[in-house]
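Participant: Structure below; questions to follow.
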Amino acid sequence: MAIITMREALNQAIREEMQRDENVFLMGEEVAAYQGAYKVTKGLLEELGPKRVIDTPITELGFAGLGVGAAMAGLRPIIEFMTFNFSILATDQIINSAAKMLYMSGGQFNIPIVFRGPGGSAFQVSSQHSQALESWFAYFPGLKVVMPSTPADAKGLLKSSIRDNDPVIFIEQERMYGNKGEVSDDPEFTIPLGVADIKREGNDATIVARSLMVPVALKAAEALEKEGVYCEVIDPRTIRPLDINTIVESVKKTNRVVVAEESHPFCGVAAEIASEIMERAFDYLDAPVKRVSGADVPMPYAKNLEDAAIPNVQQIVAAVKEVAYIE
Amino acid sequence: MGAEDNSATGVMDPESAEVADPRLDAAQAVKAAQKQRFAELDRKTLTSIYRQMLLVRRFEEKSAEAYSTGKIGGFCHLYIGQEAVAIGAISAIRKDDYVLTSYREHAHAIAKGMSPESVMAELYGKANGCSRGKGGSMHMFDKEVNFLGGHGIVGGQIPLATGVAFATKYKQTDQVTLCFFGEAAVNQGAFHESLNMAQLWKLPCIYICENNQYGMGTSLERSMSFQDISEKACAYEIASEFVDGMDVLAVREATLRAVERARKNYLPTLLEVRTYRFMGHSMSDPGNYRTRAEIERYQERDPLKLFSASLKEEGILSEADMKKIDDEVRAEVEQAVRFAEESPLPEPEELFTDVYAEPIPRNK
């Protein structure tokens, strides 16, 4: 065990899995000589060589598709998007090729590939470089979507994603790369996909949060505890497959739920979670499910406007009070 | 062999821009060229190429029939007229080499070694189809013969094939990858992104542009600012050739040259193979964007007719030999139809299989 950053945890996961399996290679913009735009891939070129750590041209559709083709022929690519904003150019290959290949081929070609990189809101980079895209990818059967919120989760989940035999969208929160936490150095340390983690236990209300919203929700829970309200904070960690059972079990105990997310509310993951809760635990609810989402606008540049677009502790506290009918 | 041959035979209409490419020989000249190439090929190889061409022609005729009676659904893009491209090119590779193509793929699948039964059963949406009834006409796959699809988005297979070639080089095998696509795919970013990577990283991928001169109903002239596709390779310093796609042996020879480059030196090649489809873009195409006269002009250069005439004139195959082959091929296609007819539909549970490699229990 050591205290390391999320950036270092991800780096360890990639290094260990590449050492473990010759068929894993890493490809993306600036991943090799530049050591990664966010330094997640630092040192990998030197250690693993240019055959396996490959700088690409700025050609997202091309190298995403190349990765899928390489997976069809037996390799296990890790494709880095410098940010997930650029994955938009590659969505044809992610959705029409990676997600559907196993199905359209009648079970012949599974695609063991990880598309990873930073996503979500970043620091004052305006609309095109700061957005949450997980609901796009989670929509498609055939894809798995993973969003870690701690260094330990980041390492354990990325290792599982690289070993997984299906395409995994692995979204790292750009603002969280420097967050620190305790992480196992056991090379066999993994965290299974599709299993939620209860980040904090409580009986009065459930807060479902992922990625950047997990630390925000935990702060909100701390603030509420001072007022005598004990919140349970659940991090699904994997958006697809979604561990809905853990969420529903918590709702059956607390009878109140807030779903926090930094993405836009319309057709978002929180809407799906709210719907699932309504279908499975309607009779246990003492209040309608409350969503706290990012503003339904493109991300602005100005600091004060950007802050207002991303959910904060106060909004989550207010939402919990609303479902708990506390004035 | 150039423009003078064409004008001499009078087959090419000088007023018809879409036919009068000076690099294409008239029917007589194609036959003459084919006969010269016969010297290098044994009778078995020539017969096998002829048989394959005839098989996919008859297969497609049968597909059209089954489509019109509602046995085949969805989109159905036929290959009639283009047989020399898939058959010629795939005759130049090994069984363990890879093939990827677009949605106009029945011929490529059969040429790569898939059984007409499994292809027809897939068209029928049956459980015994090559993709177990989940892919249909546009998405056929067979891992056993390294046929990696059937892809429905124009140009989508080009980065995929580049990745397959990347993998073979990574594993240091000497396999090559053939990537077929239509000329309309050349306008997609996927084409340019892939060629750039293929030459940058020296990948053994052979890009075969089947230029049938129409992207659905839009002619090359109406969609491409610079129409010399083989020349576009120079933007990436990739070796390229323009090939007459009505001459099966010319396609084979050009592919053999590209295969040598790929196998020995991990180098890509772009082949522009000029061809023509005699049928519509798909079965639902009324075809009113081209004239009857234009189609007839190309039918004079029907690749199957040219090749069978050469074989006959050179005494490689007699009338009786050809009749026998035709009977065999027709029987094989009939058998494929019977197999498809008699195959079961996929079980209803199949709806939910093959979504993930390890099944995820559905949320109840």
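Residues in the structure tokens are named by chain (A, B, ... in the order shown) and by number from 1 within that chain; ligands are numbered from 1 in the order shown.
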Set out as a tab-separated table a contact list for chain A and chain B with a cut-off of 8 Å, giving each residue of chain A that qualifies its closest atom pair and distance in Å to one decimal, counting only C-alpha atoms, ordered by chain and rising residue number.

Facilitator:
```
residue	atom	partner	partner_atom	distance
A:Lys51	CA	B:Tyr170	CA	7.5
A:Pro57	CA	B:Met197	CA	7.8
A:Thr59	CA	B:Glu193	CA	6.2
A:Leu61	CA	B:Ala190	CA	6.7
A:Gly62	CA	B:Glu193	CA	5.2
A:Phe63	CA	B:Pro159	CA	7.2
A:Ala64	CA	B:Pro159	CA	7.9
A:Gly65	CA	B:Pro159	CA	4.7
A:Leu66	CA	B:Gly163	CA	3.7
A:Gly67	CA	B:Gly163	CA	5.8
A:Val68	CA	B:Leu160	CA	6.1
A:Gly69	CA	B:Leu160	CA	4.0
A:Ala70	CA	B:Gly163	CA	4.4
A:Ala71	CA	B:Val164	CA	7.8
A:Met72	CA	B:Val164	CA	7.0
A:Ala73	CA	B:Val164	CA	5.6
A:Gly74	CA	B:Ala167	CA	7.3
A:Leu75	CA	B:Ala167	CA	6.5
A:Asp92	CA	B:Gly156	CA	7.8
A:Gln93	CA	B:Gly156	CA	7.1
A:Asn96	CA	B:Ile153	CA	7.9
A:Ser97	CA	B:Gly156	CA	7.9
A:Lys100	CA	B:Val355	CA	7.5
A:Leu102	CA	B:Asp354	CA	5.8
A:Tyr103	CA	B:Asp354	CA	4.9
A:Met104	CA	B:Gly135	CA	4.5
A:Ser105	CA	B:Ser131	CA	4.7
A:Gly106	CA	B:Ser131	CA	4.3
A:Gly107	CA	B:Asp354	CA	4.9
A:Gln108	CA	B:Lys143	CA	6.5
A:Phe109	CA	B:Lys143	CA	7.7
A:Asn110	CA	B:Ala357	CA	6.0
A:Pro141	CA	B:Val355	CA	6.6
A:Gly142	CA	B:Val355	CA	5.2
A:Asn165	CA	B:Ala357	CA	6.0
A:Asp166	CA	B:Ala357	CA	6.1
A:Pro241	CA	B:Ile360	CA	7.6
```

Participant: Just N, CA and C atoms for this one: save the residues we selected as an mmCIF file, in the first residue's frame.

Facilitator:
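Final output, selection_27.cif:
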```
data_model
loop_
_atom_site.group_PDB
_atom_site.id
_atom_site.type_symbol
_atom_site.label_atom_id
_atom_site.label_comp_id
_atom_site.auth_asym_id
_atom_site.auth_seq_id
_atom_site.Cartn_x
_atom_site.Cartn_y
_atom_site.Cartn_z
ATOM 1 N N LYS A 51 7.430 -0.296 -29.964
ATOM 2 C CA LYS A 51 6.499 -1.211 -30.616
ATOM 3 C C LYS A 51 5.158 -1.220 -29.885
ATOM 4 N N PRO A 57 -0.742 10.090 -35.171
ATOM 5 C CA PRO A 57 -1.137 11.401 -35.689
ATOM 6 C C PRO A 57 -2.476 11.804 -35.029
ATOM 7 N N THR A 59 -5.726 11.809 -35.388
ATOM 8 C CA THR A 59 -6.524 11.096 -36.369
ATOM 9 C C THR A 59 -7.425 10.102 -35.625
ATOM 10 N N LEU A 61 -10.600 9.060 -35.507
ATOM 11 C CA LEU A 61 -11.401 8.015 -36.160
ATOM 12 C C LEU A 61 -10.480 6.892 -36.639
ATOM 13 N N GLY A 62 -9.358 7.287 -37.214
ATOM 14 C CA GLY A 62 -8.416 6.318 -37.762
ATOM 15 C C GLY A 62 -7.841 5.397 -36.705
ATOM 16 N N PHE A 63 -7.292 5.959 -35.621
ATOM 17 C CA PHE A 63 -6.635 5.050 -34.665
ATOM 18 C C PHE A 63 -7.626 4.326 -33.767
ATOM 19 N N ALA A 64 -8.831 4.876 -33.606
ATOM 20 C CA ALA A 64 -9.857 4.111 -32.879
ATOM 21 C C ALA A 64 -10.237 2.876 -33.704
ATOM 22 N N GLY A 65 -10.429 3.070 -35.001
ATOM 23 C CA GLY A 65 -10.770 1.943 -35.880
ATOM 24 C C GLY A 65 -9.615 0.967 -36.000
ATOM 25 N N LEU A 66 -8.402 1.498 -36.070
ATOM 26 C CA LEU A 66 -7.229 0.617 -36.118
ATOM 27 C C LEU A 66 -7.205 -0.273 -34.876
ATOM 28 N N GLY A 67 -7.514 0.318 -33.738
ATOM 29 C CA GLY A 67 -7.545 -0.468 -32.504
ATOM 30 C C GLY A 67 -8.574 -1.589 -32.575
ATOM 31 N N VAL A 68 -9.752 -1.284 -33.087
ATOM 32 C CA VAL A 68 -10.803 -2.312 -33.175
ATOM 33 C C VAL A 68 -10.354 -3.436 -34.115
ATOM 34 N N GLY A 69 -9.758 -3.064 -35.238
ATOM 35 C CA GLY A 69 -9.265 -4.080 -36.182
ATOM 36 C C GLY A 69 -8.179 -4.938 -35.547
ATOM 37 N N ALA A 70 -7.273 -4.293 -34.804
ATOM 38 C CA ALA A 70 -6.202 -5.047 -34.133
ATOM 39 C C ALA A 70 -6.801 -6.015 -33.115
ATOM 40 N N ALA A 71 -7.872 -5.590 -32.451
ATOM 41 C CA ALA A 71 -8.540 -6.477 -31.483
ATOM 42 C C ALA A 71 -9.182 -7.655 -32.205
ATOM 43 N N MET A 72 -9.717 -7.422 -33.397
ATOM 44 C CA MET A 72 -10.305 -8.533 -34.166
ATOM 45 C C MET A 72 -9.247 -9.574 -34.514
ATOM 46 N N ALA A 73 -8.008 -9.110 -34.660
ATOM 47 C CA ALA A 73 -6.922 -10.022 -35.039
ATOM 48 C C ALA A 73 -6.111 -10.472 -33.829
ATOM 49 N N GLY A 74 -6.658 -10.317 -32.620
ATOM 50 C CA GLY A 74 -6.061 -10.973 -31.465
ATOM 51 C C GLY A 74 -5.275 -10.116 -30.499
ATOM 52 N N LEU A 75 -5.161 -8.800 -30.734
ATOM 53 C CA LEU A 75 -4.443 -7.954 -29.776
ATOM 54 C C LEU A 75 -5.429 -7.344 -28.775
ATOM 55 N N ASP A 92 -18.044 6.670 -34.701
ATOM 56 C CA ASP A 92 -18.476 5.648 -35.662
ATOM 57 C C ASP A 92 -17.783 4.327 -35.371
ATOM 58 N N GLN A 93 -16.481 4.383 -35.133
ATOM 59 C CA GLN A 93 -15.749 3.141 -34.887
ATOM 60 C C GLN A 93 -16.066 2.559 -33.502
ATOM 61 N N ASN A 96 -20.337 1.792 -34.060
ATOM 62 C CA ASN A 96 -20.713 0.883 -35.153
ATOM 63 C C ASN A 96 -19.787 -0.311 -35.305
ATOM 64 N N SER A 97 -18.535 -0.158 -34.869
ATOM 65 C CA SER A 97 -17.627 -1.305 -34.973
ATOM 66 C C SER A 97 -17.443 -2.000 -33.625
ATOM 67 N N LYS A 100 -20.725 -3.369 -31.715
ATOM 68 C CA LYS A 100 -21.644 -4.276 -32.406
ATOM 69 C C LYS A 100 -20.993 -5.483 -33.054
ATOM 70 N N LEU A 102 -19.350 -8.162 -32.038
ATOM 71 C CA LEU A 102 -19.629 -9.498 -31.503
ATOM 72 C C LEU A 102 -21.033 -9.944 -31.920
ATOM 73 N N TYR A 103 -21.955 -9.016 -31.835
ATOM 74 C CA TYR A 103 -23.349 -9.358 -32.147
ATOM 75 C C TYR A 103 -23.535 -9.637 -33.634
ATOM 76 N N MET A 104 -23.069 -8.707 -34.480
ATOM 77 C CA MET A 104 -23.287 -8.876 -35.927
ATOM 78 C C MET A 104 -22.545 -10.082 -36.488
ATOM 79 N N SER A 105 -21.474 -10.499 -35.795
ATOM 80 C CA SER A 105 -20.744 -11.657 -36.297
ATOM 81 C C SER A 105 -21.268 -12.946 -35.674
ATOM 82 N N GLY A 106 -22.395 -12.871 -35.027
ATOM 83 C CA GLY A 106 -22.975 -14.074 -34.439
ATOM 84 C C GLY A 106 -22.068 -14.684 -33.378
ATOM 85 N N GLY A 107 -21.365 -13.830 -32.628
ATOM 86 C CA GLY A 107 -20.551 -14.329 -31.523
ATOM 87 C C GLY A 107 -19.119 -14.669 -31.889
ATOM 88 N N GLN A 108 -18.684 -14.345 -33.119
ATOM 89 C CA GLN A 108 -17.334 -14.753 -33.534
ATOM 90 C C GLN A 108 -16.240 -13.787 -33.113
ATOM 91 N N PHE A 109 -16.539 -12.491 -33.114
ATOM 92 C CA PHE A 109 -15.472 -11.520 -32.866
ATOM 93 C C PHE A 109 -15.797 -10.610 -31.686
ATOM 94 N N ASN A 110 -15.303 -10.980 -30.490
ATOM 95 C CA ASN A 110 -15.384 -10.047 -29.366
ATOM 96 C C ASN A 110 -14.240 -9.044 -29.511
ATOM 97 N N PRO A 141 -25.744 -1.075 -26.034
ATOM 98 C CA PRO A 141 -25.411 -2.437 -25.635
ATOM 99 C C PRO A 141 -24.150 -2.866 -26.370
ATOM 100 N N GLY A 142 -23.276 -3.554 -25.680
ATOM 101 C CA GLY A 142 -22.012 -3.972 -26.283
ATOM 102 C C GLY A 142 -20.839 -3.204 -25.687
ATOM 103 N N ASN A 165 -12.905 -8.819 -21.877
ATOM 104 C CA ASN A 165 -12.960 -9.248 -23.278
ATOM 105 C C ASN A 165 -13.925 -8.433 -24.136
ATOM 106 N N ASP A 166 -14.440 -7.350 -23.587
ATOM 107 C CA ASP A 166 -15.357 -6.489 -24.337
ATOM 108 C C ASP A 166 -14.802 -5.068 -24.400
ATOM 109 N N PRO A 241 -21.974 -2.396 -17.097
ATOM 110 C CA PRO A 241 -23.240 -2.733 -16.459
ATOM 111 C C PRO A 241 -23.409 -1.982 -15.130
#
```

Participant: Could you write out, as a VMD selection string, all the residues of stretch 164-299 of chain A that DSSP marks as alpha helix (DSSP H)?

Facilitator: chain A and resid 213 to 226 244 to 254 269 to 281

Participant: Can you write just those residues out, C-alpha atoms, as a PDB file, in the first residue's frame?

Facilitator:
```
ATOM      1  CA  MET A 213     -19.398  14.071  -7.838  1.00  0.00           C
ATOM      2  CA  VAL A 214     -18.259  11.432  -5.319  1.00  0.00           C
ATOM      3  CA  PRO A 215     -16.006  13.723  -3.252  1.00  0.00           C
ATOM      4  CA  VAL A 216     -18.619  16.471  -3.581  1.00  0.00           C
ATOM      5  CA  ALA A 217     -21.326  14.121  -2.301  1.00  0.00           C
ATOM      6  CA  LEU A 218     -19.108  13.000   0.574  1.00  0.00           C
ATOM      7  CA  LYS A 219     -18.610  16.621   1.610  1.00  0.00           C
ATOM      8  CA  ALA A 220     -22.349  17.161   1.420  1.00  0.00           C
ATOM      9  CA  ALA A 221     -22.864  14.078   3.603  1.00  0.00           C
ATOM     10  CA  GLU A 222     -20.394  15.466   6.154  1.00  0.00           C
ATOM     11  CA  ALA A 223     -22.233  18.777   6.265  1.00  0.00           C
ATOM     12  CA  LEU A 224     -25.582  17.009   6.645  1.00  0.00           C
ATOM     13  CA  GLU A 225     -24.249  14.820   9.444  1.00  0.00           C
ATOM     14  CA  LYS A 226     -23.694  17.986  11.478  1.00  0.00           C
ATOM     15  CA  ILE A 244     -28.687  -1.302  -9.661  1.00  0.00           C
ATOM     16  CA  ASN A 245     -29.227  -3.829  -6.875  1.00  0.00           C
ATOM     17  CA  THR A 246     -26.851  -2.061  -4.488  1.00  0.00           C
ATOM     18  CA  ILE A 247     -28.640   1.216  -5.183  1.00  0.00           C
ATOM     19  CA  VAL A 248     -32.099  -0.296  -4.728  1.00  0.00           C
ATOM     20  CA  GLU A 249     -31.095  -2.018  -1.475  1.00  0.00           C
ATOM     21  CA  SER A 250     -29.926   1.325  -0.132  1.00  0.00           C
ATOM     22  CA  VAL A 251     -33.132   3.055  -1.198  1.00  0.00           C
ATOM     23  CA  LYS A 252     -35.165   0.360   0.558  1.00  0.00           C
ATOM     24  CA  LYS A 253     -33.286   1.320   3.735  1.00  0.00           C
ATOM     25  CA  THR A 254     -33.285   5.113   3.403  1.00  0.00           C
ATOM     26  CA  VAL A 269     -27.409   8.607 -16.494  1.00  0.00           C
ATOM     27  CA  ALA A 270     -29.246  10.044 -13.478  1.00  0.00           C
ATOM     28  CA  ALA A 271     -32.487   9.919 -15.436  1.00  0.00           C
ATOM     29  CA  GLU A 272     -31.875   6.214 -16.064  1.00  0.00           C
ATOM     30  CA  ILE A 273     -31.067   5.540 -12.403  1.00  0.00           C
ATOM     31  CA  ALA A 274     -34.189   7.443 -11.295  1.00  0.00           C
ATOM     32  CA  SER A 275     -36.287   5.395 -13.684  1.00  0.00           C
ATOM     33  CA  GLU A 276     -34.804   2.120 -12.450  1.00  0.00           C
ATOM     34  CA  ILE A 277     -35.486   3.104  -8.835  1.00  0.00           C
ATOM     35  CA  MET A 278     -39.060   4.050  -9.717  1.00  0.00           C
ATOM     36  CA  GLU A 279     -39.625   0.680 -11.414  1.00  0.00           C
ATOM     37  CA  ARG A 280     -38.020  -1.420  -8.668  1.00  0.00           C
ATOM     38  CA  ALA A 281     -38.583   0.427  -5.420  1.00  0.00           C
TER      39      ALA A 281
END
```

Participant: Just to confirm, what's the straight-line distance from atom CA of B:Phe75 to atom CA of A:Met101 in Å (one decimal)?

Facilitator: 18.6 Å

Participant: Please provide the set of residues having any atom within 12 Å of A:Thr41, restricted to only C-alpha atoms, with same-chain residues fewer than 6 positions apart removed, written as a count of residues only.

Facilitator: 32

Participant: Please measure the separation of atom CA of A:Gln128 and atom CA of A:Val297, giving the value in Å to one decimal.

Facilitator: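 Between atom CA of A:Gln128 and atom CA of A:Val297 the gap is 11.9 Å.
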
Participant: What gap, in Å, lies between atom CA of B:Met279 and atom CA of B:Glu313?

Facilitator: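 Spanning atom CA of B:Met279 to atom CA of B:Glu313 is a straight-line distance of 28.2 Å.
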
Participant: Give the strand (DSSP E) residues of stretch 2-181 of chain A, as DSSP finds them on the backbone, and put them as a ChimeraX atom specification.

Facilitator: /A:2-5,24-28,53-55,76-80,114-119,144-146,168-173,180-181

Participant: Using only C-alpha atoms, which residues sit within 7 Å of A:Gly181 once same-chain residues fewer than 4 positions away are excluded, as a list in words?

Facilitator: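 My list of contacting residues is Ile3, Ile4, Thr5, Thr150, Pro151 and Ala152 of chain A.
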
Participant: For stretch 66-71 of chain B, list every protein, DNA or RNA residue within 9 Å, evaluated using only C-alpha atoms, and leave out those in the same chain fewer than 2 positions away; present the list as a VMD selection string.

Facilitator: chain B and resid 61 to 64 73 76 123 to 125 283 337 341

Participant: Show me, as a list in words, the residues that have an atom within 10 Å of A:Met299 when counting only C-alpha atoms, minus same-chain residues fewer than 4 positions from it.

Facilitator: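 Listed by chain and then number, they are Ser121, Ala122, Gln124, Val125, Ser126, Ser127, Gln128, His129, Ser130, Gln131, Gly294, Ala295, Leu305, Glu306, Asp307, Ala308, Ala309 and Ile310 of chain A.
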
Participant: Include C-alpha atoms and write out the residues we just selected as a PDB file, in the first residue's frame.

Facilitator:
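Contents of the output file out-v8.pdb:
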```pdb
ATOM      1  CA  SER A 121     -15.550  19.146 -16.747  1.00  0.00           C
ATOM      2  CA  ALA A 122     -12.043  20.545 -16.970  1.00  0.00           C
ATOM      3  CA  GLN A 124     -11.875  26.843 -17.775  1.00  0.00           C
ATOM      4  CA  VAL A 125     -11.493  25.414 -21.262  1.00  0.00           C
ATOM      5  CA  SER A 126     -14.990  26.329 -22.431  1.00  0.00           C
ATOM      6  CA  SER A 127     -17.545  24.309 -24.350  1.00  0.00           C
ATOM      7  CA  GLN A 128     -15.619  21.950 -26.632  1.00  0.00           C
ATOM      8  CA  HIS A 129     -13.083  20.723 -24.092  1.00  0.00           C
ATOM      9  CA  SER A 130     -15.268  20.326 -21.024  1.00  0.00           C
ATOM     10  CA  GLN A 131     -18.230  17.978 -21.119  1.00  0.00           C
ATOM     11  CA  GLY A 294     -24.791  19.989 -14.500  1.00  0.00           C
ATOM     12  CA  ALA A 295     -26.430  23.019 -16.058  1.00  0.00           C
ATOM     13  CA  LEU A 305     -20.202  30.857 -14.844  1.00  0.00           C
ATOM     14  CA  GLU A 306     -18.248  27.605 -14.996  1.00  0.00           C
ATOM     15  CA  ASP A 307     -18.590  27.154 -11.243  1.00  0.00           C
ATOM     16  CA  ALA A 308     -22.323  27.681 -11.582  1.00  0.00           C
ATOM     17  CA  ALA A 309     -22.562  24.998 -14.282  1.00  0.00           C
ATOM     18  CA  ILE A 310     -21.068  22.219 -12.117  1.00  0.00           C
TER      19      ILE A 310
END
```

Participant: Measuring between only C-alpha atoms, which one of A:Glu227, A:Pro300, A:Arg237, A:Asn312 shows the shortest distance to A:Ala260?

Facilitator: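 When distances to A:Ala260 are compared using only C-alpha atoms, the smallest one comes from A:Asn312.
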